file structure.txt (compact mmCIF, C-alpha atoms and all ligand atoms)
# COMPACT_ATOMS: atom_id res chain seq x y z
CA MET U 3 -70.87 -20.88 -33.42
CA ILE U 4 -69.00 -21.21 -30.11
CA LEU U 5 -70.93 -21.56 -26.83
CA VAL U 6 -69.49 -19.70 -23.81
CA THR U 7 -71.13 -20.56 -20.47
CA GLY U 8 -70.93 -18.29 -17.41
CA ALA U 9 -70.74 -15.48 -19.95
CA GLY U 10 -72.23 -12.81 -17.68
CA GLY U 11 -69.30 -13.00 -15.25
CA LYS U 12 -65.89 -11.35 -15.53
CA THR U 13 -64.20 -14.42 -17.02
CA GLY U 14 -67.00 -14.99 -19.52
CA ARG U 15 -67.08 -11.39 -20.70
CA ALA U 16 -63.31 -11.36 -21.28
CA ILE U 17 -63.49 -14.58 -23.32
CA VAL U 18 -66.49 -13.43 -25.36
CA ASP U 19 -64.61 -10.19 -26.12
CA ALA U 20 -61.49 -12.11 -27.20
CA LEU U 21 -63.50 -14.44 -29.46
CA THR U 22 -65.64 -11.77 -31.09
CA GLY U 23 -62.53 -9.61 -31.47
CA GLN U 24 -61.26 -12.38 -33.75
CA GLY U 25 -64.51 -12.35 -35.71
CA GLU U 26 -65.92 -15.53 -34.13
CA THR U 27 -69.66 -16.05 -33.76
CA VAL U 28 -70.60 -16.65 -30.14
CA ARG U 29 -73.65 -17.95 -28.25
CA VAL U 30 -73.56 -16.90 -24.61
CA TRP U 31 -75.14 -18.62 -21.64
CA VAL U 32 -76.17 -16.20 -18.93
CA ARG U 33 -78.22 -16.73 -15.80
CA ARG U 34 -80.75 -13.97 -16.56
CA PRO U 35 -81.66 -12.57 -20.01
CA GLU U 36 -80.67 -8.99 -19.13
CA GLN U 37 -77.08 -10.20 -18.55
CA ALA U 38 -76.80 -10.72 -22.33
CA ASN U 39 -77.37 -6.97 -22.90
CA GLY U 40 -74.21 -5.40 -24.21
CA LEU U 41 -72.44 -8.73 -24.82
CA PRO U 42 -71.25 -8.89 -28.44
CA CYS U 43 -73.00 -12.20 -29.07
CA ALA U 44 -74.91 -13.57 -32.04
CA ASP U 45 -77.22 -15.62 -29.83
CA TRP U 46 -77.95 -16.06 -26.11
CA ILE U 47 -79.55 -18.59 -23.83
CA ALA U 48 -80.53 -17.92 -20.22
CA GLY U 49 -81.12 -20.16 -17.24
CA ASP U 50 -79.64 -22.20 -14.43
CA MET U 51 -76.57 -24.24 -15.35
CA GLN U 52 -77.92 -27.24 -13.44
CA ASP U 53 -80.80 -27.48 -15.91
CA ALA U 54 -80.12 -30.41 -18.28
CA PRO U 55 -82.69 -29.44 -20.98
CA ILE U 56 -81.05 -26.00 -21.27
CA TRP U 57 -77.70 -27.72 -21.82
CA GLU U 58 -79.25 -29.75 -24.63
CA ALA U 59 -80.55 -26.58 -26.32
CA ALA U 60 -77.34 -24.64 -25.69
CA CYS U 61 -75.16 -27.26 -27.41
CA GLN U 62 -77.22 -27.44 -30.59
CA ARG U 63 -75.42 -26.16 -33.71
CA VAL U 64 -72.22 -25.23 -31.84
CA ARG U 65 -68.84 -26.52 -32.94
CA ALA U 66 -67.13 -25.76 -29.64
CA VAL U 67 -68.04 -25.21 -25.99
CA TYR U 68 -66.08 -23.05 -23.54
CA HIS U 69 -67.40 -24.05 -20.12
CA ILE U 70 -67.03 -21.66 -17.18
CA CYS U 71 -68.81 -22.89 -14.07
CA PRO U 72 -70.11 -20.12 -11.78
CA ASN U 73 -67.57 -19.25 -9.10
CA LEU U 74 -67.67 -21.51 -5.98
CA HIS U 75 -70.72 -23.43 -7.27
CA PRO U 76 -71.25 -26.41 -4.91
CA ALA U 77 -72.69 -28.53 -7.75
CA GLU U 78 -69.78 -27.96 -10.15
CA VAL U 79 -69.14 -31.70 -10.63
CA ALA U 80 -72.82 -32.47 -11.32
CA ILE U 81 -72.87 -29.57 -13.80
CA SER U 82 -69.79 -31.02 -15.50
CA HIS U 83 -71.58 -34.36 -15.95
CA VAL U 84 -74.62 -32.68 -17.55
CA ALA U 85 -72.38 -30.50 -19.72
CA VAL U 86 -70.30 -33.33 -21.19
CA GLU U 87 -73.40 -35.46 -21.78
CA ALA U 88 -75.12 -32.66 -23.72
CA ALA U 89 -71.93 -31.78 -25.63
CA SER U 90 -71.35 -35.44 -26.52
CA ARG U 91 -74.91 -35.93 -27.75
CA ALA U 92 -74.66 -32.76 -29.85
CA GLY U 93 -71.32 -33.95 -31.28
CA VAL U 94 -69.35 -30.79 -30.48
CA ALA U 95 -65.87 -30.89 -31.96
CA ARG U 96 -64.15 -29.20 -29.02
CA PHE U 97 -64.89 -28.91 -25.29
CA VAL U 98 -62.74 -26.46 -23.34
CA TYR U 99 -63.04 -26.36 -19.57
CA HIS U 100 -62.06 -23.40 -17.41
CA SER U 101 -60.39 -25.04 -14.40
CA VAL U 102 -57.95 -23.53 -11.92
CA LEU U 103 -54.26 -23.65 -10.99
CA HIS U 104 -53.53 -26.68 -8.78
CA PRO U 105 -56.98 -28.24 -8.74
CA GLN U 106 -55.45 -31.20 -6.86
CA THR U 107 -55.71 -29.33 -3.54
CA SER U 108 -58.18 -31.26 -1.39
CA THR U 109 -58.35 -28.67 1.40
CA MET U 110 -59.79 -26.09 -1.04
CA ALA U 111 -63.21 -27.52 -1.95
CA HIS U 112 -63.63 -25.34 -5.05
CA HIS U 113 -60.26 -26.51 -6.43
CA TRP U 114 -61.06 -30.16 -5.65
CA ARG U 115 -64.41 -29.92 -7.46
CA LYS U 116 -62.50 -28.73 -10.52
CA LEU U 117 -60.16 -31.72 -10.29
CA GLU U 118 -63.20 -34.02 -10.15
CA SER U 119 -64.69 -32.15 -13.10
CA GLU U 120 -61.46 -32.62 -15.05
CA GLU U 121 -61.82 -36.36 -14.42
CA VAL U 122 -65.40 -36.27 -15.75
CA ILE U 123 -64.16 -34.53 -18.89
CA LEU U 124 -61.22 -36.93 -19.37
CA ALA U 125 -63.62 -39.88 -19.14
CA SER U 126 -66.18 -38.36 -21.50
CA GLY U 127 -64.37 -39.18 -24.73
CA LEU U 128 -64.89 -35.59 -25.89
CA PRO U 129 -62.02 -33.80 -27.67
CA PHE U 130 -61.08 -31.59 -24.72
CA THR U 131 -58.68 -28.88 -23.64
CA ILE U 132 -58.39 -27.80 -20.01
CA LEU U 133 -57.08 -24.39 -18.92
CA GLN U 134 -55.83 -23.96 -15.34
CA PRO U 135 -55.48 -20.22 -14.65
CA CYS U 136 -54.07 -18.85 -11.40
CA ALA U 137 -55.74 -15.89 -9.63
CA TYR U 138 -56.49 -12.95 -11.93
CA MET U 139 -54.71 -9.62 -11.56
CA GLN U 140 -58.17 -8.13 -12.13
CA ASN U 141 -59.25 -9.42 -8.67
CA VAL U 142 -57.57 -6.36 -7.11
CA LEU U 143 -60.10 -4.16 -8.96
CA ALA U 144 -62.73 -5.30 -6.42
CA HIS U 145 -60.79 -3.13 -3.94
CA TRP U 146 -60.13 -0.23 -6.32
CA PRO U 147 -62.03 2.44 -4.30
CA SER U 148 -60.08 1.49 -1.14
CA ILE U 149 -56.78 1.36 -3.05
CA THR U 150 -57.23 4.68 -4.83
CA GLN U 151 -59.09 6.66 -2.13
CA ARG U 152 -57.56 5.33 1.14
CA GLY U 153 -54.29 3.88 -0.14
CA VAL U 154 -55.21 0.51 1.42
CA TYR U 155 -55.12 -2.87 -0.31
CA PRO U 156 -57.08 -5.16 2.04
CA VAL U 157 -55.97 -8.81 2.20
CA PRO U 158 -57.59 -11.57 4.31
CA TYR U 159 -54.45 -13.75 4.41
CA ALA U 160 -50.75 -13.36 5.17
CA LEU U 161 -49.20 -10.31 3.52
CA ASP U 162 -46.11 -12.38 2.71
CA ALA U 163 -48.18 -15.12 1.01
CA ARG U 164 -46.87 -15.40 -2.54
CA LEU U 165 -49.38 -15.89 -5.33
CA SER U 166 -48.98 -16.20 -9.07
CA LEU U 167 -51.24 -13.68 -10.78
CA VAL U 168 -52.35 -13.65 -14.40
CA ASP U 169 -53.91 -10.91 -16.53
CA LEU U 170 -57.39 -12.14 -17.45
CA ARG U 171 -56.83 -10.72 -20.93
CA ASP U 172 -53.92 -13.15 -21.39
CA VAL U 173 -56.20 -16.01 -20.26
CA ALA U 174 -58.91 -14.88 -22.69
CA GLY U 175 -56.37 -14.72 -25.52
CA VAL U 176 -55.35 -18.31 -24.83
CA ALA U 177 -59.00 -19.38 -24.58
CA ALA U 178 -59.70 -17.91 -28.02
CA LYS U 179 -56.56 -19.60 -29.38
CA VAL U 180 -57.40 -23.10 -28.15
CA LEU U 181 -60.99 -22.73 -29.34
CA THR U 182 -60.08 -21.70 -32.86
CA GLU U 183 -56.68 -23.25 -33.60
CA SER U 184 -55.94 -26.94 -34.10
CA GLY U 185 -53.39 -28.86 -32.03
CA HIS U 186 -54.70 -28.37 -28.49
CA THR U 187 -56.85 -31.48 -28.11
CA GLY U 188 -56.02 -33.45 -24.96
CA ALA U 189 -53.95 -30.61 -23.49
CA ILE U 190 -54.07 -29.41 -19.89
CA TYR U 191 -52.45 -25.98 -19.76
CA GLU U 192 -51.39 -24.24 -16.55
CA LEU U 193 -51.77 -20.46 -17.02
CA ALA U 194 -49.67 -18.46 -14.56
CA GLY U 195 -48.31 -14.92 -14.82
CA PRO U 196 -44.62 -13.98 -14.73
CA GLN U 197 -43.46 -14.13 -11.11
CA PRO U 198 -45.28 -14.84 -7.87
CA LEU U 199 -45.79 -11.75 -5.71
CA SER U 200 -46.31 -11.25 -1.99
CA GLN U 201 -49.25 -9.02 -1.12
CA THR U 202 -46.83 -6.36 0.09
CA GLU U 203 -45.20 -6.41 -3.35
CA VAL U 204 -48.62 -6.10 -5.02
CA ALA U 205 -49.28 -2.96 -2.94
CA GLU U 206 -45.81 -1.57 -3.81
CA LEU U 207 -46.46 -2.05 -7.54
CA LEU U 208 -49.90 -0.43 -7.22
CA ALA U 209 -48.30 2.53 -5.41
CA GLU U 210 -45.67 2.86 -8.13
CA SER U 211 -48.22 2.89 -10.94
CA LEU U 212 -50.66 5.23 -9.14
CA GLY U 213 -47.88 7.56 -7.98
CA ARG U 214 -49.22 7.62 -4.40
CA PRO U 215 -48.77 5.47 -1.28
CA VAL U 216 -50.61 2.13 -1.12
CA ARG U 217 -50.10 -0.37 1.69
CA ALA U 218 -51.33 -3.94 2.06
CA GLU U 219 -53.42 -4.35 5.22
CA ARG U 220 -54.30 -7.72 6.74
CA VAL U 221 -58.06 -8.15 7.31
CA ALA U 222 -58.90 -10.39 10.30
CA TRP U 223 -60.93 -13.45 9.34
CA ALA U 224 -63.74 -12.54 11.80
CA GLN U 225 -64.04 -9.12 10.16
CA TRP U 226 -63.92 -10.57 6.65
CA GLU U 227 -66.58 -13.14 7.60
CA ALA U 228 -68.90 -10.49 9.06
CA ASP U 229 -68.51 -8.29 5.96
CA ALA U 230 -69.11 -11.26 3.62
CA ARG U 231 -72.27 -12.23 5.50
CA GLN U 232 -73.50 -8.64 5.35
CA ARG U 233 -72.92 -8.61 1.58
CA GLY U 234 -75.19 -11.69 1.41
CA MET U 235 -72.57 -14.36 0.78
CA GLY U 236 -73.83 -17.88 1.62
CA GLU U 237 -72.36 -19.95 4.44
CA GLU U 238 -70.84 -22.57 2.12
CA ALA U 239 -69.03 -19.92 0.06
CA ILE U 240 -67.76 -18.27 3.25
CA ALA U 241 -66.40 -21.59 4.57
CA THR U 242 -64.78 -22.36 1.20
CA LEU U 243 -63.06 -18.98 1.00
CA LEU U 244 -61.86 -19.17 4.64
CA ALA U 245 -60.29 -22.54 3.79
CA MET U 246 -58.64 -20.89 0.78
CA PHE U 247 -57.24 -18.08 2.98
CA ARG U 248 -55.84 -20.72 5.39
CA TYR U 249 -54.21 -22.49 2.45
CA TYR U 250 -52.73 -19.23 1.11
CA ASP U 251 -51.42 -18.44 4.60
CA ARG U 252 -49.49 -21.70 4.72
CA HIS U 253 -48.51 -22.30 1.10
CA GLY U 254 -49.36 -19.35 -1.16
CA LEU U 255 -50.32 -20.54 -4.66
CA VAL U 256 -47.50 -20.50 -7.16
CA GLY U 257 -47.46 -21.78 -10.73
CA ASN U 258 -45.05 -21.52 -13.63
CA PRO U 259 -45.34 -19.02 -16.52
CA ASN U 260 -43.61 -21.11 -19.23
CA VAL U 261 -46.73 -22.61 -20.80
CA LEU U 262 -48.58 -19.29 -20.89
CA GLY U 263 -45.59 -17.59 -22.54
CA TRP U 264 -45.40 -20.36 -25.15
CA LEU U 265 -49.13 -20.09 -25.91
CA LEU U 266 -49.07 -16.28 -26.13
CA GLY U 267 -45.84 -16.18 -28.15
CA ARG U 268 -44.61 -13.41 -25.78
CA PRO U 269 -43.92 -13.04 -22.05
CA PRO U 270 -47.13 -13.01 -19.96
CA THR U 271 -48.27 -9.54 -18.84
CA SER U 272 -46.51 -8.40 -15.67
CA PHE U 273 -48.42 -6.99 -12.71
CA ALA U 274 -46.63 -3.66 -13.21
CA ASP U 275 -47.93 -3.47 -16.81
CA PHE U 276 -51.41 -4.54 -15.69
CA ALA U 277 -51.45 -1.87 -12.95
CA SER U 278 -50.33 0.89 -15.28
CA SER U 279 -53.08 -0.05 -17.77
CA GLN U 280 -55.82 0.69 -15.18
N1 LIG M 1 -61.35 -15.15 -10.16
C1 LIG M 1 -60.22 -15.81 -10.33
O1 LIG M 1 -59.13 -15.32 -10.01
C2 LIG M 1 -60.26 -17.18 -10.97
C3 LIG M 1 -59.04 -17.83 -11.26
C4 LIG M 1 -59.08 -19.09 -11.85
C5 LIG M 1 -60.31 -19.68 -12.13
N2 LIG M 1 -61.46 -19.01 -11.82
C6 LIG M 1 -62.74 -19.67 -12.14
O2 LIG M 1 -63.41 -18.92 -13.12
C7 LIG M 1 -64.82 -19.21 -13.03
C8 LIG M 1 -65.60 -17.93 -13.18
O3 LIG M 1 -65.23 -17.02 -12.19
P1 LIG M 1 -65.69 -15.51 -12.27
O4 LIG M 1 -64.97 -14.82 -11.17
O5 LIG M 1 -65.58 -15.00 -13.67
O6 LIG M 1 -67.22 -15.66 -11.89
P2 LIG M 1 -68.29 -14.55 -11.78
O7 LIG M 1 -67.77 -13.21 -12.24
O8 LIG M 1 -68.83 -14.67 -10.40
O9 LIG M 1 -69.36 -15.02 -12.85
C9 LIG M 1 -70.17 -16.10 -12.66
C10 LIG M 1 -71.37 -15.93 -13.60
O10 LIG M 1 -72.16 -17.10 -13.51
C11 LIG M 1 -73.51 -16.70 -13.23
N3 LIG M 1 -74.17 -17.74 -12.43
C12 LIG M 1 -74.14 -17.91 -11.09
N4 LIG M 1 -74.86 -18.98 -10.74
C13 LIG M 1 -75.38 -19.49 -11.90
C14 LIG M 1 -76.20 -20.59 -12.20
N5 LIG M 1 -76.63 -21.40 -11.24
N6 LIG M 1 -76.53 -20.81 -13.49
C15 LIG M 1 -76.09 -20.00 -14.48
N7 LIG M 1 -75.29 -18.95 -14.26
C16 LIG M 1 -74.94 -18.69 -12.98
C17 LIG M 1 -73.38 -15.43 -12.47
O11 LIG M 1 -74.61 -14.71 -12.54
P3 LIG M 1 -75.09 -13.78 -11.32
O12 LIG M 1 -74.29 -12.53 -11.48
O13 LIG M 1 -76.52 -13.63 -11.57
O14 LIG M 1 -74.75 -14.51 -10.06
C18 LIG M 1 -72.23 -14.75 -13.20
O15 LIG M 1 -72.69 -14.08 -14.36
C19 LIG M 1 -65.04 -19.92 -11.70
O16 LIG M 1 -65.25 -21.29 -11.94
C20 LIG M 1 -63.71 -19.72 -10.97
O17 LIG M 1 -63.40 -20.77 -10.10
C21 LIG M 1 -61.46 -17.77 -11.28
call {"tool": "encode", "arguments": {"input": "structure.txt", "output": "C-alpha cells", "more": "lines below"}}
Ligand SMILES: NC(=O)c1ccc[n+]([C@@H]2O[C@H](COP(=O)([O-])OP(=O)(O)OC[C@H]3O[C@@H](n4cnc5c(N)ncnc54)[C@H](OP(=O)(O)O)[C@@H]3O)[C@@H](O)[C@H]2O)c1
result
Amino acid sequence: MILVTGAGGKTGRAIVDALTGQGETVRVWVRRPEQANGLPCADWIAGDMQDAPIWEAACQRVRAVYHICPNLHPAEVAISHVAVEAASRAGVARFVYHSVLHPQTSTMAHHWRKLESEEVILASGLPFTILQPCAYMQNVLAHWPSITQRGVYPVPYALDARLSLVDLRDVAGVAAKVLTESGHTGAIYELAGPQPLSQTEVAELLAESLGRPVRAERVAWAQWEADARQRGMGEEAIATLLAMFRYYDRHGLVGNPNVLGWLLGRPPTSFADFASSQ
C-alpha cells in the first residue's frame, strides 16, 4: 500500500489516479471523510495533517509515503517533522515529498517552508525522493469561465513575467514512477515544462486552441486582495501570495525541462498540447 497525503486536492487526485492507473493499492489522507468519495483508493484516513496520532495510523502497513502538504499551510515545517517521525517509526521504505521549483527563495514564505521541509527530510535518515514541480498548467483552469466566456485571462502580476509551466499529469506520472521504480533514492528532481511563457503568450496559446480571442489582463493587487478576502482567503495566505506576485513581477520563475524529459522518456507536455486537451 502507498499512502498519499493531501489526496483531496488537485495534486493528490492526479497522483492517486496515476498510481491506481498502474494497478497500485493506495491509502489516501483527506481532511474530511466525504473527500474520499470517488477517489479510487483501497483505504482512507481523514483528519488534520498536524495531528501526530493520525500520522502514526496513516503510516502503518504502507511501503511508501507520498507527502503533499496543503497549499500555503503555515505549519508545513512542523508537519514535515511529524511526518518523517511517523514514517521512520513505521519503517516505510520510501518517502517522497512534493516540494516546489526553487524552494530556496526566502521572499516567498511558502517556498522557503518547503526548503526547510527538505532539510528535515534530508536529516531524517529516511530513503527519500524530492520532487520540485513548477506551476501547473492546470492553474489556468481556475479562470476557465472568464477565459471561455469573456476572452480574458486575468493575471495579478506582470504580463511579461515568464514562468515555467508543467502539466500536472506529467508530474503525477513521475510521482508514480519514483514511488514504484527503484533507483530514485536520494534524488531531488526539478520538474519544469518545456519553455517558460509570458502571460501574454499563455493567452495567445489559449486563443489558438479555443479558436477565439483571449487576452491576458493585469489585475491590480488591491482588486485581487479584495476579491481574495471576499472568497474567504485568510490574511496570511493573502500576504504570501502578494509576495509571490511581487517576486514573479521582478524575476518570473523559470526552471529547466531536462530532468522531467529524462524521467518521462519523452518531451514534457507543451502548453499548446495541454490547452488543446481541455
Ligand atoms: N498549484 C501549483 O501550481 C503547485 C506547484 C508546485 C507545488 N505545489 C504544491 O502542491 C501542494 C498541493 O497543492 P494543491 O494546489 O494540489 O492543493 P489543494 O488543491 O489546495 O489541496 C489541498 C488539500 O489539502 C486539504 N487540506 C487543507 N488543510 C488541511 C489540513 N490541515 N489537514 C489535512 N488536509 C488539509 C484540502 O482540503 P480542503 O479542501 O478541505 O481545504 C485539500 O484537499 C502544495 O504544497 C503546493 O505548494 C503546487
call {"tool": "closest_residue", "arguments": {"input": "structure.txt", "among": "U:Trp223, U:Tyr138, U:Tyr250, U:Tyr191", "to": "Leu265 of chain U", "atoms": "only C-alpha atoms"}}
result
U:Tyr191
call {"tool": "closest_residue", "arguments": {"input": "structure.txt", "among": "U:Asp53, U:Asp162, U:Glu183, U:Glu26", "to": "ligand LIG 1 (chain M)", "atoms": "only C-alpha atoms and all ligand atoms"}}
result
U:Asp53
call {"tool": "residues_near_ligand", "arguments": {"input": "structure.txt", "ligand": "ligand LIG 1 (chain M)", "cutoff": "8 Å", "atoms": "only C-alpha atoms and all ligand atoms", "output": "ChimeraX atom specification"}}
result
/U:7-14,31-34,37,48-52,70-75,100-103,112-113,134-141
call {"tool": "closest_residue", "arguments": {"input": "structure.txt", "among": "U:Thr271, U:Thr22, U:Thr131, U:Gln151", "to": "Arg96 of chain U", "atoms": "only C-alpha atoms"}}
result
U:Thr131
call {"tool": "closest_residue", "arguments": {"input": "structure.txt", "among": "U:Ala38, U:Val79, U:Ala95, U:Leu21", "to": "Gln62 of chain U", "atoms": "only C-alpha atoms"}}
result
U:Ala95
call {"tool": "atom_distance", "arguments": {"input": "structure.txt", "atom1": "atom CA of Pro259 of chain U", "atom2": "atom CA of Ala194 of chain U"}}
result
4.8 Å
call {"tool": "atom_distance", "arguments": {"input": "structure.txt", "atom1": "atom CA of Pro105 of chain U", "atom2": "atom CA of Leu143 of chain U"}}
result
24.3 Å
call {"tool": "atom_distance", "arguments": {"input": "structure.txt", "atom1": "atom CA of Ile149 of chain U", "atom2": "atom CA of Ala241 of chain U"}}
result
26.0 Å
call {"tool": "closest_residue", "arguments": {"input": "structure.txt", "among": "U:Ala54, U:Leu266, U:Ala85, U:Ala44", "to": "Val180 of chain U", "atoms": "all atoms listed in the file"}}
result
U:Leu266
call {"tool": "closest_residue", "arguments": {"input": "structure.txt", "among": "U:Val204, U:Leu244, U:Leu212, U:Val64", "to": "Ala92 of chain U", "atoms": "only C-alpha atoms"}}
result
U:Val64
call {"tool": "residues_around", "arguments": {"input": "structure.txt", "residues": "Ser272 of chain U", "least_positions_apart": "5", "cutoff": "10 Å", "atoms": "all atoms listed in the file", "output": "ChimeraX atom specification"}}
result
/U:139,167-169,195-197,277
call {"tool": "residues_near_point", "arguments": {"input": "structure.txt", "point": "(-63.8, -31.9, -16.1)", "cutoff": "12 Å", "atoms": "all atoms listed in the file", "output": "PyMOL selection string"}}
result
chain U and resi 68-71+78-87+97-102+105+113-134+188+190
call {"tool": "axis_aligned_box", "arguments": {"input": "structure.txt", "around": "segment 214-217 of chain U", "padding_each_side": "5 Å", "output": "lines of an AutoDock Vina configuration file"}}
result
center_x = -49.7
center_y = 3.6
center_z = -1.4
size_x = 11.8
size_y = 18.0
size_z = 16.1
call {"tool": "residues_near_point", "arguments": {"input": "structure.txt", "point": "(-71.1, -18.1, 0.4)", "cutoff": "12 Å", "atoms": "all atoms listed in the file", "output": "JSON, numbers by chain"}}
result
{"U": [73, 74, 75, 76, 112, 227, 228, 229, 230, 231, 232, 233, 234, 235, 236, 237, 238, 239, 240, 241, 242, 243, 244]}
call {"tool": "residues_around", "arguments": {"input": "structure.txt", "residues": "Leu165 of chain U", "least_positions_apart": "2", "cutoff": "7 Å", "atoms": "all atoms listed in the file", "output": "list in words"}}
result
Ala163, Leu167, Pro198, Leu199, Ser200, Gly254, Leu255 and Val256 of chain U
